[in-house]
Amino acid sequence: MLDPPAGAAEGRRRRPGKHTVTSSKLVSLADAIARFVPDGSSVAAGLCLEAMIPFAAGHEILRQGKRRLTLIGPISDILFDQLIGAGCVTCVRAAWVGNVITGSGYNFRRAVESGALAVEDHSNLTMAMALKAGAMGLPFMPARTALGSDLFSTHPGLKKMTCPFTGVTLAAVAAIVPDVALVHVQRADVFGNSHAWGCLGVMRDACLASRHVLLTTEEIVPTELITRDPNRVVIPGLRVSAVSHVPWGAHPSPVPGHYNRDHQAFLDYRDQSRSAGAFALWRERWVDGVAQPEDYLDLLGEERMQTLRLQHHAFSEPVDYGY
Amino acid sequence: MLDPPAGAAEGRRRRPGKHTVTSSKLVSLADAIARFVPDGSSVAAGLCLEAMIPFAAGHEILRQGKRRLTLIGPISDILFDQLIGAGCVTCVRAAWVGNVITGSGYNFRRAVESGALAVEDHSNLTMAMALKAGAMGLPFMPARTALGSDLFSTHPGLKKMTCPFTGVTLAAVAAIVPDVALVHVQRADVFGNSHAWGCLGVMRDACLASRHVLLTTEEIVPTELITRDPNRVVIPGLRVSAVSHVPWGAHPSPVPGHYNRDHQAFLDYRDQSRSAGAFALWRERWVDGVAQPEDYLDLLGEERMQTLRLQHHAFSEPVDYGY
Amino acid sequence: MPAYNASELMICAAAREIADGEVVFVGMRLPLLGFLLAKATHAPHAVGVYELGVVREETAAAPILTMGDLPNLHRAAWLADTADVMGLLQSGRVDVSFIGGAQVDRFGNLNTTSVVGTDGAATRLPGSGGACDLACLARRHIILMAHEQRRFVPQVDYITSPGYGDGFGWRERVGLPQGGPASVITTLGVFRFDPATCEMVLSALHPGISVEEVRSKTGWPLKITSALIETPAPSTAELAMIARFDPQRFWTGAAP
Amino acid sequence: MPAYNASELMICAAAREIADGEVVFVGMRLPLLGFLLAKATHAPHAVGVYELGVVREETAAAPILTMGDLPNLHRAAWLADTADVMGLLQSGRVDVSFIGGAQVDRFGNLNTTSVVGTDGAATRLPGSGGACDLACLARRHIILMAHEQRRFVPQVDYITSPGYGDGFGWRERVGLPQGGPASVITTLGVFRFDPATCEMVLSALHPGISVEEVRSKTGWPLKITSALIETPAPSTAELAMIARFDPQRFWTGAAP
């Protein structure tokens, strides 16, 4: 299942075709996933760590019954566990898979212990460097971490090397180039230009490394609102393949400017995933019962959404890009 | 003069002492340079390339007659040429030294051709990777550039290496860890927290790589204005050693939000540096004649400043960091 | 003397490991509370660094349960990329970090990846996250964990986060020239490492705990310092602070 | 036919090298004007990338003289770090780049670092800047320069920006598996490279220029394509566009 030589060779790749500034990339989430996440894809997600996890996009993958996926991310919180529980995944390349607030990911445990899932164990830093190598078009990056650990035994994309200048021992981390990165942002235009803020994790490098970037966004805004602050752009529109308008698309994870973390959903998920049977019920209710994004909001309910919305606002000071 | 093994070994270094959040780092520019730029220092500047060049800080170095400096930067525009002309510099590690709008840097040419100045020739990418290695605490970074060029012959911090995963030939670039980075920003508080926007060049990595960071700033603002937008912070306050309030401190280079590029000053400098004698006159007027930052503004004159100020404003849309 | 539970005691012990002005790579759960307690008491200038790309100088205005909670981003000193904060760590600018583990051994190596049961079956755990990086790259790190015999083993099944390997000189040999665990804070006591051998040594006993109990729950012949002390009990003020940061007792657990 | 000078002709020739939708790493001077002309005419969807960390999809609202001028940042699509835009380049996402040089040789190697005069004395030039990176990493690059015998030499004194080295197979051998110069636009004509030998070949003559003149100003026995054409003269519309982007004729130079 593990394919590190491919990963290592991936540092340089083809451009997926000419970019046309003026053609809209706005599509339904179902269409975006159907088109850009074929069976067998490697999918990067959870790139801002605990925040802005693309749950809606992940659930769409689950709903469409994608198979043989490789998941890529630093810590995944419960999204990876859900996709693993649904049988979509044969390989995980990650530093941590579980439920951040409760610990273990039960579907992950079951899948690994049954032999159904291969794991390439990273640390957060080796994952960051692997994606940075991918972003920079390089086949590898050095790091000082993981030396002396057993990560090397379960991770063929990690080797020891000698610094060509100082002679010290370093870890060499092979590039990771995902087929597609799923990211949730606060606002985007229909061409894929977007603003994201908060903790950014490995989002920038993961998006730059990936062959395709799929955005889900809280808001669709005019292009001029984005280009009025180009330092706020994390991934440029020319690298984005599709944009889908999905308010609350990162729930139950938090989205700066929009809603807080729904801790209760993560606590509930512990029991909802403890057995395969419980997980089937969770899935029926929260994924299969959602035919379109609006259904999810109905399921969540206005009262719960209101408790999660921001109670205190704190706006940035504008900056001037005039001339 | 060149000291690449040191550069290569510099990837890991000591923390310069405990950070105290509540003690002001606001000092006069003269004090900042006197304290943090001793003779023999390696000084990074011009890190946003054509924009936000720390001319005031550089002129203070010149005024204080610092000696045996190593200058570090991608393209330096005319600041490096000025410091070289004043005899402050024995080594330059850069990708390009000249006058962006007119071409050659005459002091640079004279110094190299007379043998007084050593040059470690970079490309913009090898410089970016050398500083990124420094920022990441690594002794080197790989790159795919410069292969087949003669940069290898004049740059001992550049070696060919073989990728440990793919076997392809790569360039290995030794880390650069400047003693001090000089950066000009739009706004900062007295503790060294700051906002910078526009084209950022290698500013982020150069500051993170350097032992000390000296800020000059257009404005001193309350801390809460900075922390209301922490994604706008390029270098965190805990990495900053001193802050000096120097409006117009990057003139004649442009500062987004404040003033346009003073092209005429760069055009004039061509003639003002064509001979050593002309340069002495330039220096007398624009550096030695400036006893304190305000004198520079008088010399510039309100009329000229008015033509450089922004005529069209374009403010960013605020973002919400509430909860 | 106020009533407290083991978690509260561990939080107070963790807080005491932080000196004022230090840069602290903060984890979740008890270490997060220990960091907040330190900042609220003797270390007001400690700076918090979080792996998702957050640097904070001020305590968050509202309680947080995970690092990505919005109050932890509000009024941060820096929101950046993971690579940027990892760069601070890798360049030796982080003084101390905190990590937890499922298994620890006599040289402070930690396992959070996979443990093998007495029946030989492996149980898969979540993995490293940032723990391996913190153990490799912080100037020192502190381990917090429950003290049970199955967790305190002669040799871990898998080294997720390197301690001192097989003893003195090992870190240097494998390419980790600095750092290493400074202490282990458990439900029973506080342990430090013999500089000569790098072996874990019992250094303080929590109130009411006996040496025998610690020995019986430790899977190797445990060494004990000649200057064994009792861990100071939390003060009323400390407990009040902890309650402010964890008002629902989410991490602190049931009140004593 | 409208009057034009050599710079205007070169700008038009440069613009024609850009296809619509391409990602273009834009330099300064004439290539900048060529890029703007292409966007204003046949390549409205071309994207401009600048080494100081700028990506633009729309033409700047006011004329610029250097890349860091504020109108070039205003309403950019992305303002990022140099490393980020260099990552686009290094990962093969830049279709075409433009560079100038002081010296070029028959295999398209460029020198902007140091030239040795007939007296043996070296003249120091500014250096690579981003040129070496563009020559190594763009999918193809275009060279613009004045055509003089001292500049067109059999072998450059210093390879700042690699062309085809010593001929076919050289790039692959040194570790540059793709890219290379696609054309050289000079004050006299347009040159392309023979795919079999990688040698520079005269491909188009500017109006009024003879083959003999080109040969006399080229320091090696120049090959000439069998399908030699005349470079199309700038149209009135093209000249008007150029005047809009360079209203002071700063880069275009004196009007004809």
# chains A, B, ... in the order shown; residues from 1 in each chain; ligands from 1

call {"tool": "closest_atom_pairs", "arguments": {"of": "chain D", "to": "chain A", "cutoff": "6 Å", "atoms": "only C-alpha atoms", "output": "Markdown table"}}
result
| residue | atom | partner | partner_atom | distance |
| --- | --- | --- | --- | --- |
| D:Gly21 | CA | A:Lys18 | CA | 5.4 |
| D:His45 | CA | A:Val21 | CA | 5.7 |
| D:Leu70 | CA | A:Tyr323 | CA | 5.2 |
| D:Pro71 | CA | A:Tyr323 | CA | 5.7 |
| D:His74 | CA | A:Tyr321 | CA | 5.4 |
| D:Arg75 | CA | A:Thr227 | CA | 4.5 |
| D:Ala76 | CA | A:Thr227 | CA | 5.8 |
| D:Ala77 | CA | A:Thr227 | CA | 5.7 |
| D:Trp78 | CA | A:Pro230 | CA | 4.7 |
| D:Leu79 | CA | A:Asn231 | CA | 4.8 |
| D:Gly87 | CA | A:Met136 | CA | 3.9 |
| D:Gln90 | CA | A:Gly137 | CA | 5.1 |
| D:Ser91 | CA | A:Gly137 | CA | 3.8 |
| D:Arg93 | CA | A:Arg15 | CA | 5.6 |

call {"tool": "interface_residues", "arguments": {"of": "chain A", "to": "chain B", "cutoff": "8 Å", "atoms": "only C-alpha atoms", "output": "MDAnalysis selection string"}}
result
chainID A and resid 5 8:9 138:144 157 159 161 163:166 172 174 197:198 225 228:229 231 256:257 259:260 309:323

call {"tool": "residues_around", "arguments": {"residues": "Met67 of chain D", "least_positions_apart": "6", "cutoff": "10 Å", "atoms": "only C-alpha atoms", "output": "PyMOL selection string"}}
result
(chain B and resi 49-51+100+199) or (chain D and resi 26-29+32+50-54+73)

call {"tool": "residues_around", "arguments": {"residues": "Thr217 of chain B", "least_positions_apart": "2", "cutoff": "6 Å", "atoms": "only C-alpha atoms", "output": "list in words"}}
result
His184, Val185, Gln186, Arg187, Glu219, His245 and Val246 of chain B

call {"tool": "select_by_dssp", "arguments": {"residues": "segment 58-186 of chain C", "states": "strand (DSSP E or B)", "output": "PDB file with C-alpha atoms, in the first residue's frame"}}
result
ATOM      1  CA  TRP C  78       1.506  35.387  15.764  1.00  0.00           C
ATOM      2  CA  LEU C  79      -0.586  33.136  13.577  1.00  0.00           C
ATOM      3  CA  ASP C  81       2.353  28.099   9.436  1.00  0.00           C
ATOM      4  CA  VAL C  96      10.567  23.458  27.265  1.00  0.00           C
ATOM      5  CA  SER C  97       7.788  21.276  25.945  1.00  0.00           C
ATOM      6  CA  PHE C  98       5.278  18.893  27.471  1.00  0.00           C
ATOM      7  CA  ILE C  99       4.184  15.542  26.136  1.00  0.00           C
ATOM      8  CA  GLY C 100       2.111  12.625  27.314  1.00  0.00           C
ATOM      9  CA  GLN C 103       4.213   3.840  27.653  1.00  0.00           C
ATOM     10  CA  VAL C 104       7.502   5.104  29.039  1.00  0.00           C
ATOM     11  CA  LEU C 110       7.880   7.336  24.996  1.00  0.00           C
ATOM     12  CA  ASN C 111       5.453   5.282  22.966  1.00  0.00           C
ATOM     13  CA  SER C 114       1.488   0.882  19.214  1.00  0.00           C
ATOM     14  CA  VAL C 115       1.596  -1.258  22.352  1.00  0.00           C
ATOM     15  CA  VAL C 116       1.837  -5.033  22.430  1.00  0.00           C
ATOM     16  CA  ALA C 122      -0.809  -4.959  19.120  1.00  0.00           C
ATOM     17  CA  THR C 123      -3.090  -2.096  20.077  1.00  0.00           C
ATOM     18  CA  ARG C 124      -2.867   0.826  17.704  1.00  0.00           C
ATOM     19  CA  ARG C 140      14.149  19.940  27.426  1.00  0.00           C
ATOM     20  CA  HIS C 141      10.801  18.213  27.673  1.00  0.00           C
ATOM     21  CA  ILE C 142       8.526  17.141  30.493  1.00  0.00           C
ATOM     22  CA  ILE C 143       6.482  13.955  30.362  1.00  0.00           C
ATOM     23  CA  LEU C 144       3.080  13.719  32.061  1.00  0.00           C
ATOM     24  CA  MET C 145       1.316  10.378  32.392  1.00  0.00           C
ATOM     25  CA  PHE C 152       6.135   1.921  33.049  1.00  0.00           C
ATOM     26  CA  SER C 161       9.341  10.237  21.088  1.00  0.00           C
ATOM     27  CA  PRO C 181      13.388  14.595  29.108  1.00  0.00           C
ATOM     28  CA  ALA C 182      14.019  16.710  32.208  1.00  0.00           C
ATOM     29  CA  SER C 183      11.316  15.127  34.319  1.00  0.00           C
ATOM     30  CA  VAL C 184       8.364  12.757  34.364  1.00  0.00           C
ATOM     31  CA  ILE C 185       5.309  13.832  36.329  1.00  0.00           C
ATOM     32  CA  THR C 186       2.969  10.952  37.094  1.00  0.00           C
TER      33      THR C 186
END

call {"tool": "atom_distance", "arguments": {"atom1": "atom CA of Leu30 of chain D", "atom2": "atom CA of Ser7 of chain D"}}
result
7.2 Å

call {"tool": "residues_around", "arguments": {"residues": "segment 227-229 of chain D", "least_positions_apart": "6", "cutoff": "8 Å", "atoms": "only C-alpha atoms", "output": "ChimeraX atom specification"}}
result
/D:202-205

call {"tool": "atom_distance", "arguments": {"atom1": "atom CA of Ala255 of chain C", "atom2": "atom CA of Ala3 of chain C"}}
result
8.4 Å

call {"tool": "residues_around", "arguments": {"residues": "Cys12 of chain D", "least_positions_apart": "6", "cutoff": "10 Å", "atoms": "only C-alpha atoms", "output": "PyMOL selection string"}}
result
chain D and resi 6+30-31+33-35+37-38+231-235+238-239+242

call {"tool": "closest_residue", "arguments": {"among": "A:Val287, A:Ala250, A:Ala206, A:Leu151", "to": "Ala83 of chain C", "atoms": "only C-alpha atoms"}}
result
A:Ala206

call {"tool": "select_by_dssp", "arguments": {"residues": "segment 109-217 of chain A", "states": "helix (DSSP H, G or I)", "output": "list in words"}}
result
Arg109, Arg110, Ala111, Val112, Glu113, Asn124, Leu125, Thr126, Met127, Ala128, Met129, Ala130, Leu131, Lys132, Ala133, Gly134, Ala135, Asp150, Leu151, Phe152, Ser153, Thr154, Met203, Arg204, Asp205, Ala206, Cys207, Leu208 and Ala209 of chain A

call {"tool": "residues_around", "arguments": {"residues": "Asp262 of chain A", "least_positions_apart": "4", "cutoff": "10 Å", "atoms": "only C-alpha atoms", "output": "list of chain:residue names"}}
result
A:His251, A:Pro252, A:Ser253, A:Pro254, A:Phe266, A:Leu267, A:Arg304, A:Met305, A:Thr307, A:Leu308, C:Asp69

call {"tool": "closest_residue", "arguments": {"among": "B:Ala242, B:Leu69, B:Met203, B:Leu147", "to": "Asp39 of chain B", "atoms": "only C-alpha atoms"}}
result
B:Leu69

call {"tool": "atom_distance", "arguments": {"atom1": "atom CA of Val213 of chain A", "atom2": "atom CA of Gln82 of chain A"}}
result
21.2 Å
